[in-house]
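Q: Got a file for you: run-v8.pdb, PDB, C-alpha atoms.
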```
ATOM      1  CA  MET L   1      -7.450 -15.432  20.392
ATOM      2  CA  GLN L   2      -6.982 -18.424  18.170
ATOM      3  CA  ARG L   3      -4.125 -18.488  15.682
ATOM      4  CA  LYS L   4      -4.197 -20.338  12.385
ATOM      5  CA  ASN L   5      -0.628 -21.545  12.642
ATOM      6  CA  GLU L   6       1.363 -21.893  15.858
ATOM      7  CA  LYS L   7       4.718 -21.895  13.986
ATOM      8  CA  PHE L   8       4.561 -18.173  13.142
ATOM      9  CA  ALA L   9       4.061 -14.974  15.098
ATOM     10  CA  MET L  10       0.667 -13.316  14.709
ATOM     11  CA  ASN L  11       1.955 -10.907  12.032
ATOM     12  CA  ARG L  12       3.417 -13.801  10.027
ATOM     13  CA  GLN L  13       0.276 -15.887   9.510
ATOM     14  CA  VAL L  14      -0.198 -17.139   5.959
ATOM     15  CA  LEU L  15      -2.957 -15.122   4.300
ATOM     16  CA  GLY L  16      -5.479 -16.825   2.059
ATOM     17  CA  THR L  17      -6.773 -13.692   0.356
ATOM     18  CA  PRO L  18      -6.600 -13.571  -3.457
ATOM     19  CA  ILE L  19      -3.863 -10.927  -3.623
ATOM     20  CA  PHE L  20      -1.715 -11.830  -0.621
ATOM     21  CA  GLY L  21      -2.027 -15.614  -0.953
ATOM     22  CA  MET L  22       0.997 -15.661  -3.291
ATOM     23  CA  ARG L  23       3.108 -13.879  -0.641
ATOM     24  CA  LYS L  24       2.725 -16.736   1.865
ATOM     25  CA  ASN L  25       3.807 -15.376   5.287
ATOM     26  CA  LYS L  26       5.094 -12.034   3.940
ATOM     27  CA  VAL L  27       2.109 -10.031   5.138
ATOM     28  CA  LYS L  28       3.049  -6.619   3.807
ATOM     29  CA  PHE L  29       3.151  -4.860   0.484
ATOM     30  CA  PRO L  30       6.585  -5.367  -1.138
ATOM     31  CA  THR L  31       9.082  -2.555  -0.642
ATOM     32  CA  PHE L  32       9.653  -0.392  -3.720
ATOM     33  CA  ARG L  33      13.394  -1.108  -3.884
ATOM     34  CA  LYS L  34      15.206   1.691  -5.728
ATOM     35  CA  GLY L  35      11.922   3.619  -5.977
ATOM     36  CA  TYR L  36      12.626   6.910  -4.216
ATOM     37  CA  LEU L  37      10.437   9.925  -3.538
ATOM     38  CA  THR L  38      11.757  12.828  -5.595
ATOM     39  CA  ASP L  39      10.098  16.218  -6.128
ATOM     40  CA  GLU L  40       8.868  15.134  -9.564
ATOM     41  CA  LYS L  41       7.471  11.805  -8.335
ATOM     42  CA  VAL L  42       5.780  13.353  -5.305
ATOM     43  CA  ASP L  43       4.113  15.880  -7.637
ATOM     44  CA  LYS L  44       2.827  13.017  -9.823
ATOM     45  CA  ILE L  45       1.566  11.053  -6.796
ATOM     46  CA  LYS L  46      -0.162  14.181  -5.495
ATOM     47  CA  ALA L  47      -1.811  14.832  -8.876
ATOM     48  CA  HIS L  48      -3.090  11.252  -9.000
ATOM     49  CA  VAL L  49      -4.301  11.206  -5.402
ATOM     50  CA  MET L  50      -5.992  14.612  -5.428
ATOM     51  CA  SER L  51      -7.808  14.166  -8.763
ATOM     52  CA  LYS L  52     -11.418  13.083  -9.261
ATOM     53  CA  GLY L  53     -12.476  13.385  -5.615
ATOM     54  CA  ARG L  54     -10.202  10.596  -4.470
ATOM     55  CA  SER L  55      -8.615  12.455  -1.580
ATOM     56  CA  VAL L  56      -9.047  15.568   0.520
ATOM     57  CA  VAL L  57      -5.734  15.289   2.371
ATOM     58  CA  PHE L  58      -2.153  15.153   1.067
ATOM     59  CA  LEU L  59       0.829  15.823   3.331
ATOM     60  CA  ASP L  60       4.463  15.930   2.221
ATOM     61  CA  GLY L  61       7.371  16.322   4.584
ATOM     62  CA  PRO L  62      10.338  14.863   6.424
ATOM     63  CA  TYR L  63      10.284  11.974   8.860
ATOM     64  CA  GLU L  64      12.941  10.189  10.876
ATOM     65  CA  THR L  65      13.611   6.499  10.223
ATOM     66  CA  LYS L  66      15.679   3.910  12.026
ATOM     67  CA  LEU L  67      16.000   1.863   8.816
ATOM     68  CA  ASN L  68      18.932   4.017   7.658
ATOM     69  CA  ARG L  69      21.029   3.209  10.736
ATOM     70  CA  TYR L  70      22.013  -0.141   9.217
ATOM     71  CA  VAL L  71      23.894   1.630   6.440
ATOM     72  CA  ARG L  72      24.932   4.652   8.512
ATOM     73  CA  ALA L  73      22.816   7.012   6.400
ATOM     74  CA  ASP L  74      21.032  10.170   7.507
ATOM     75  CA  PRO L  75      17.873   9.172   9.443
ATOM     76  CA  ASN L  76      15.857  12.038   7.918
ATOM     77  CA  GLU L  77      13.904  11.059   4.817
ATOM     78  CA  ARG L  78      10.866  12.203   2.874
ATOM     79  CA  ALA L  79       7.343  10.836   3.305
ATOM     80  CA  VAL L  80       3.866  11.534   2.016
ATOM     81  CA  PHE L  81       0.559  10.795   3.670
ATOM     82  CA  PHE L  82      -2.832  10.856   2.008
ATOM     83  CA  GLU L  83      -6.379   9.744   2.548
ATOM     84  CA  TYR L  84      -7.810   7.891  -0.429
ATOM     85  CA  MET L  85     -11.419   6.963  -1.175
ATOM     86  CA  LEU L  86     -11.713   3.324  -2.239
ATOM     87  CA  ARG L  87     -14.717   2.757  -4.462
ATOM     88  CA  GLN L  88     -15.868   0.010  -6.748
ATOM     89  CA  LYS L  89     -18.453   0.037  -9.505
ATOM     90  CA  GLY L  90     -21.633  -1.656  -8.331
ATOM     91  CA  THR L  91     -20.890  -1.201  -4.621
ATOM     92  CA  LYS L  92     -22.728   1.485  -2.700
ATOM     93  CA  GLY L  93     -20.395   3.419  -0.428
ATOM     94  CA  ALA L  94     -16.643   3.720  -0.071
ATOM     95  CA  ILE L  95     -13.886   3.076   2.439
ATOM     96  CA  GLN L  96     -11.360   5.775   3.296
ATOM     97  CA  SER L  97      -7.854   4.334   3.247
ATOM     98  CA  LEU L  98      -5.100   6.127   5.126
ATOM     99  CA  CYS L  99      -1.898   5.770   3.107
ATOM    100  CA  TRP L 100       1.680   6.481   4.147
ATOM    101  CA  LEU L 101       4.633   6.285   1.744
ATOM    102  CA  GLY L 102       8.177   6.947   2.934
ATOM    103  CA  SER L 103      11.642   6.755   1.440
ATOM    104  CA  PHE L 104      14.596   5.135   3.143
ATOM    105  CA  HIS L 105      18.081   4.087   2.004
ATOM    106  CA  ASN L 106      16.785   1.097  -0.008
ATOM    107  CA  GLY L 107      13.754   2.654  -1.722
ATOM    108  CA  SER L 108      10.264   3.403  -0.434
ATOM    109  CA  ILE L 109       7.827   1.584   1.797
ATOM    110  CA  ILE L 110       4.041   1.941   1.816
ATOM    111  CA  HIS L 111       1.401   1.257   4.461
ATOM    112  CA  PHE L 112      -2.400   1.302   4.296
ATOM    113  CA  ALA L 113      -4.993   1.462   7.067
ATOM    114  CA  PRO L 114      -8.773   1.675   6.962
ATOM    115  CA  GLN L 115     -10.476   4.615   8.605
ATOM    116  CA  PHE L 116     -12.042   3.621  11.915
ATOM    117  CA  PRO L 117     -14.947   3.292  12.951
ATOM    118  CA  GLN L 118     -16.114   3.342   9.311
ATOM    119  CA  TRP L 119     -14.173   0.098   8.903
ATOM    120  CA  ALA L 120     -16.220  -1.574  11.658
ATOM    121  CA  CYS L 121     -19.436  -0.909   9.670
ATOM    122  CA  TRP L 122     -17.939  -2.521   6.563
ATOM    123  CA  LEU L 123     -16.748  -5.569   8.516
ATOM    124  CA  GLU L 124     -20.114  -6.078  10.177
ATOM    125  CA  ALA L 125     -21.980  -5.731   6.893
ATOM    126  CA  GLY L 126     -19.553  -7.534   4.598
ATOM    127  CA  GLY L 127     -17.120  -9.676   6.580
ATOM    128  CA  MET L 128     -14.473 -11.187   4.304
ATOM    129  CA  GLU L 129     -15.954  -9.424   1.269
ATOM    130  CA  ALA L 130     -15.160  -6.114   2.982
ATOM    131  CA  VAL L 131     -11.565  -7.248   3.537
ATOM    132  CA  GLU L 132     -11.215  -8.166  -0.141
ATOM    133  CA  PHE L 133     -12.803  -4.858  -1.188
ATOM    134  CA  PHE L 134     -10.239  -2.970   0.927
ATOM    135  CA  GLU L 135      -7.358  -5.157  -0.246
ATOM    136  CA  ASN L 136      -8.292  -4.676  -3.922
ATOM    137  CA  GLY L 137      -8.529  -0.899  -3.486
ATOM    138  CA  CYS L 138      -5.156  -0.713  -1.732
ATOM    139  CA  PHE L 139      -3.624  -2.881  -4.448
ATOM    140  CA  ARG L 140      -4.808  -0.384  -7.083
ATOM    141  CA  ILE L 141      -3.117   2.437  -5.171
ATOM    142  CA  TYR L 142       0.056   0.344  -4.761
ATOM    143  CA  ARG L 143       0.145  -0.357  -8.510
ATOM    144  CA  ALA L 144      -0.415   3.342  -9.352
ATOM    145  CA  VAL L 145       2.392   4.397  -6.982
ATOM    146  CA  ALA L 146       4.707   1.727  -8.451
ATOM    147  CA  GLU L 147       3.987   3.026 -11.939
ATOM    148  CA  ILE L 148       4.984   6.533 -10.821
ATOM    149  CA  LEU L 149       8.071   5.535  -8.813
ATOM    150  CA  TYR L 150       9.458   3.310 -11.580
ATOM    151  CA  ASP L 151       8.395   5.555 -14.502
ATOM    152  CA  GLY L 152       6.017   2.899 -15.851
ATOM    153  CA  LEU L 153       5.093  -0.664 -14.965
ATOM    154  CA  ASP L 154       7.413  -1.993 -17.680
ATOM    155  CA  ASN L 155      10.397  -0.359 -15.933
ATOM    156  CA  ILE L 156      10.004  -2.078 -12.547
ATOM    157  CA  THR L 157      13.450  -3.313 -11.584
ATOM    158  CA  ASP L 158      12.484  -5.151  -8.395
ATOM    159  CA  LYS L 159      11.461  -8.771  -9.072
ATOM    160  CA  GLU L 160       9.304  -9.011  -5.945
ATOM    161  CA  VAL L 161       7.315  -5.875  -6.804
ATOM    162  CA  LYS L 162       6.921  -6.985 -10.423
ATOM    163  CA  ALA L 163       5.690 -10.490  -9.448
ATOM    164  CA  PHE L 164       3.281  -9.038  -6.877
ATOM    165  CA  ILE L 165       1.773  -6.602  -9.386
ATOM    166  CA  GLU L 166       1.486  -9.240 -12.126
ATOM    167  CA  SER L 167      -0.198 -11.689  -9.747
ATOM    168  CA  GLY L 168      -2.500  -9.086  -8.197
ATOM    169  CA  SER L 169      -3.507  -7.660 -11.580
ATOM    170  CA  LYS L 170      -4.990 -11.066 -12.466
ATOM    171  CA  VAL L 171      -7.319 -10.756  -9.461
ATOM    172  CA  VAL L 172      -8.139  -7.026  -9.568
ATOM    173  CA  ASP L 173      -9.831  -5.220 -12.497
TER     174      ASP L 173
END
```
Just give me the structure of the file as structure tokens.

A:
Amino acid sequence: MQRKNEKFAMNRQVLGTPIFGMRKNKVKFPTFRKGYLTDEKVDKIKAHVMSKGRSVVFLDGPYETKLNRYVRADPNERAVFFEYMLRQKGTKGAIQSLCWLGSFHNGSIIHFAPQFPQWACWLEAGGMEAVEFFENGCFRIYRAVAEILYDGLDNITDKEVKAFIESGSKVVD
């Protein structure tokens, strides 16, 4: 396997995609610092996710995290998992994204994964365009979750999240 840059580990390669290019070697969605999963916010996320045929699965429950050990907090936190259909006007078909959102002592963290082997079909047919399609769809979910967790995009208190959303919004939509 050939790496683009020998100075960084494989999961720290600089990404050249339109949304993540501004993050340099930070190859993850920014943590929602001070954005916690409360009953009210989980209800809003569920309403968004389950509306208009976007998802058929929504799970809400506890999970155990090692992230809280650094501040000697309870390791049990709340998380939600949902499957979300990524679609785009003018593109035939959709990709199912598996989404996990969990709270920890510092806020909430989100992860996305494409459904496999459906993802293999998209890669074979579209290559980098498929990656950008998936990235754009996940960004839309990220922005919607941020809007819920922070009670509006104007109320985002985390500079990294705000900069990421502002930059990504110029590319998506």

Q: Can I get the residues of region 130-157 of chain L within 10 Å of region 92-108 of chain L, each with the closest pair of atoms and their distance in Å to one decimal, using all atoms listed in the file, sorted chain first then ascending number, as JSON lines?

A:
```
{"residue": "L:Ala130", "atom": "CA", "partner": "L:Ile95", "partner_atom": "CA", "distance": 9.3}
{"residue": "L:Phe133", "atom": "CA", "partner": "L:Ile95", "partner_atom": "CA", "distance": 8.8}
{"residue": "L:Phe134", "atom": "CA", "partner": "L:Ile95", "partner_atom": "CA", "distance": 7.2}
{"residue": "L:Gly137", "atom": "CA", "partner": "L:Ser97", "partner_atom": "CA", "distance": 8.6}
{"residue": "L:Cys138", "atom": "CA", "partner": "L:Ser97", "partner_atom": "CA", "distance": 7.6}
{"residue": "L:Ile141", "atom": "CA", "partner": "L:Cys99", "partner_atom": "CA", "distance": 9.0}
{"residue": "L:Tyr142", "atom": "CA", "partner": "L:Cys99", "partner_atom": "CA", "distance": 9.8}
{"residue": "L:Val145", "atom": "CA", "partner": "L:Leu101", "partner_atom": "CA", "distance": 9.2}
{"residue": "L:Ala146", "atom": "CA", "partner": "L:Ser108", "partner_atom": "CA", "distance": 9.9}
{"residue": "L:Leu149", "atom": "CA", "partner": "L:Ser108", "partner_atom": "CA", "distance": 8.9}
```

Q: Please produce a file of those selected residues containing C-alpha atoms, as a PDB file, in the frame of the given file.

A:
```pdb
ATOM      1  CA  ALA L 130     -15.160  -6.114   2.982  1.00  0.00           C
ATOM      2  CA  PHE L 133     -12.803  -4.858  -1.188  1.00  0.00           C
ATOM      3  CA  PHE L 134     -10.239  -2.970   0.927  1.00  0.00           C
ATOM      4  CA  GLY L 137      -8.529  -0.899  -3.486  1.00  0.00           C
ATOM      5  CA  CYS L 138      -5.156  -0.713  -1.732  1.00  0.00           C
ATOM      6  CA  ILE L 141      -3.117   2.437  -5.171  1.00  0.00           C
ATOM      7  CA  TYR L 142       0.056   0.344  -4.761  1.00  0.00           C
ATOM      8  CA  VAL L 145       2.392   4.397  -6.982  1.00  0.00           C
ATOM      9  CA  ALA L 146       4.707   1.727  -8.451  1.00  0.00           C
ATOM     10  CA  LEU L 149       8.071   5.535  -8.813  1.00  0.00           C
TER      11      LEU L 149
END
```

Q: With only C-alpha atoms as the basis for distance, which of L:Phe32, L:Trp122, L:Phe139, L:Phe81 is at the shortest distance from Ile165 (chain L)?

A: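 Of L:Phe32, L:Trp122, L:Phe139, L:Phe81, the one nearest Ile165 (chain L), counting only C-alpha atoms, is L:Phe139.
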
Q: Compare L:Arg78, L:His111, L:Lys44, L:Lys170 by their minimum atom-to-atom distance to Ala144 (chain L), counting only C-alpha atoms, and give me the closest one.

A: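 Nearest to Ala144 (chain L): L:Lys44.
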
Q: So how many Å separate CA of Asp74 (chain L) and CA of Val57 (chain L), to one decimal?

A: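 Value for the CA of Asp74 (chain L)-CA of Val57 (chain L) distance: 27.7 Å.
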
Q: What does the distance between CA of Glu129 (chain L) and CA of Lys89 (chain L) come to in Å, to one decimal place?

A: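 CA of Glu129 (chain L) sits 14.6 Å away from CA of Lys89 (chain L).
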
Q: Restricting the calculation to only C-alpha atoms, which member of L:Asn76, L:His48, L:Gln88, L:Phe112 is positioned closest to Asp173 (chain L)?

A: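 Distance minimum relative to Asp173 (chain L) lands on L:Gln88.
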
Q: Considering all atoms listed in the file, return as a PyMOL selection string whatever protein or nucleic-acid residues lie within 10 Å of Val56 (chain L), sequence-local ones (same chain, fewer than 5 positions apart) excluded.

A: chain L and resi 49-51+82-85

Q: Any chance you could export the current selection's C-alpha atoms as a PDB file, keeping the file's coordinate frame?

A:
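The resulting file, result_27.pdb, is reproduced below:
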```pdb
ATOM      1  CA  VAL L  49      -4.301  11.206  -5.402  1.00  0.00           C
ATOM      2  CA  MET L  50      -5.992  14.612  -5.428  1.00  0.00           C
ATOM      3  CA  SER L  51      -7.808  14.166  -8.763  1.00  0.00           C
ATOM      4  CA  PHE L  82      -2.832  10.856   2.008  1.00  0.00           C
ATOM      5  CA  GLU L  83      -6.379   9.744   2.548  1.00  0.00           C
ATOM      6  CA  TYR L  84      -7.810   7.891  -0.429  1.00  0.00           C
ATOM      7  CA  MET L  85     -11.419   6.963  -1.175  1.00  0.00           C
TER       8      MET L  85
END
```

Q: If you apply the PyMOL selection byres ((chain L and resi 168) around 10) to this file, what residues do you get, as a VMD selection string?

A: chain L and resid 18 to 22 136 139 to 140 143 162 to 167 169 to 173

Q: Provide the CA of Val71 (chain L) to CA of Gly35 (chain L) distance in Å, to one decimal place.

A: 17.4 Å

Q: Considering only C-alpha atoms, can you say which of L:Ile156, L:Ala79, L:Ala125, L:Leu86 comes closest to Asp39 (chain L)?

A: L:Ala79
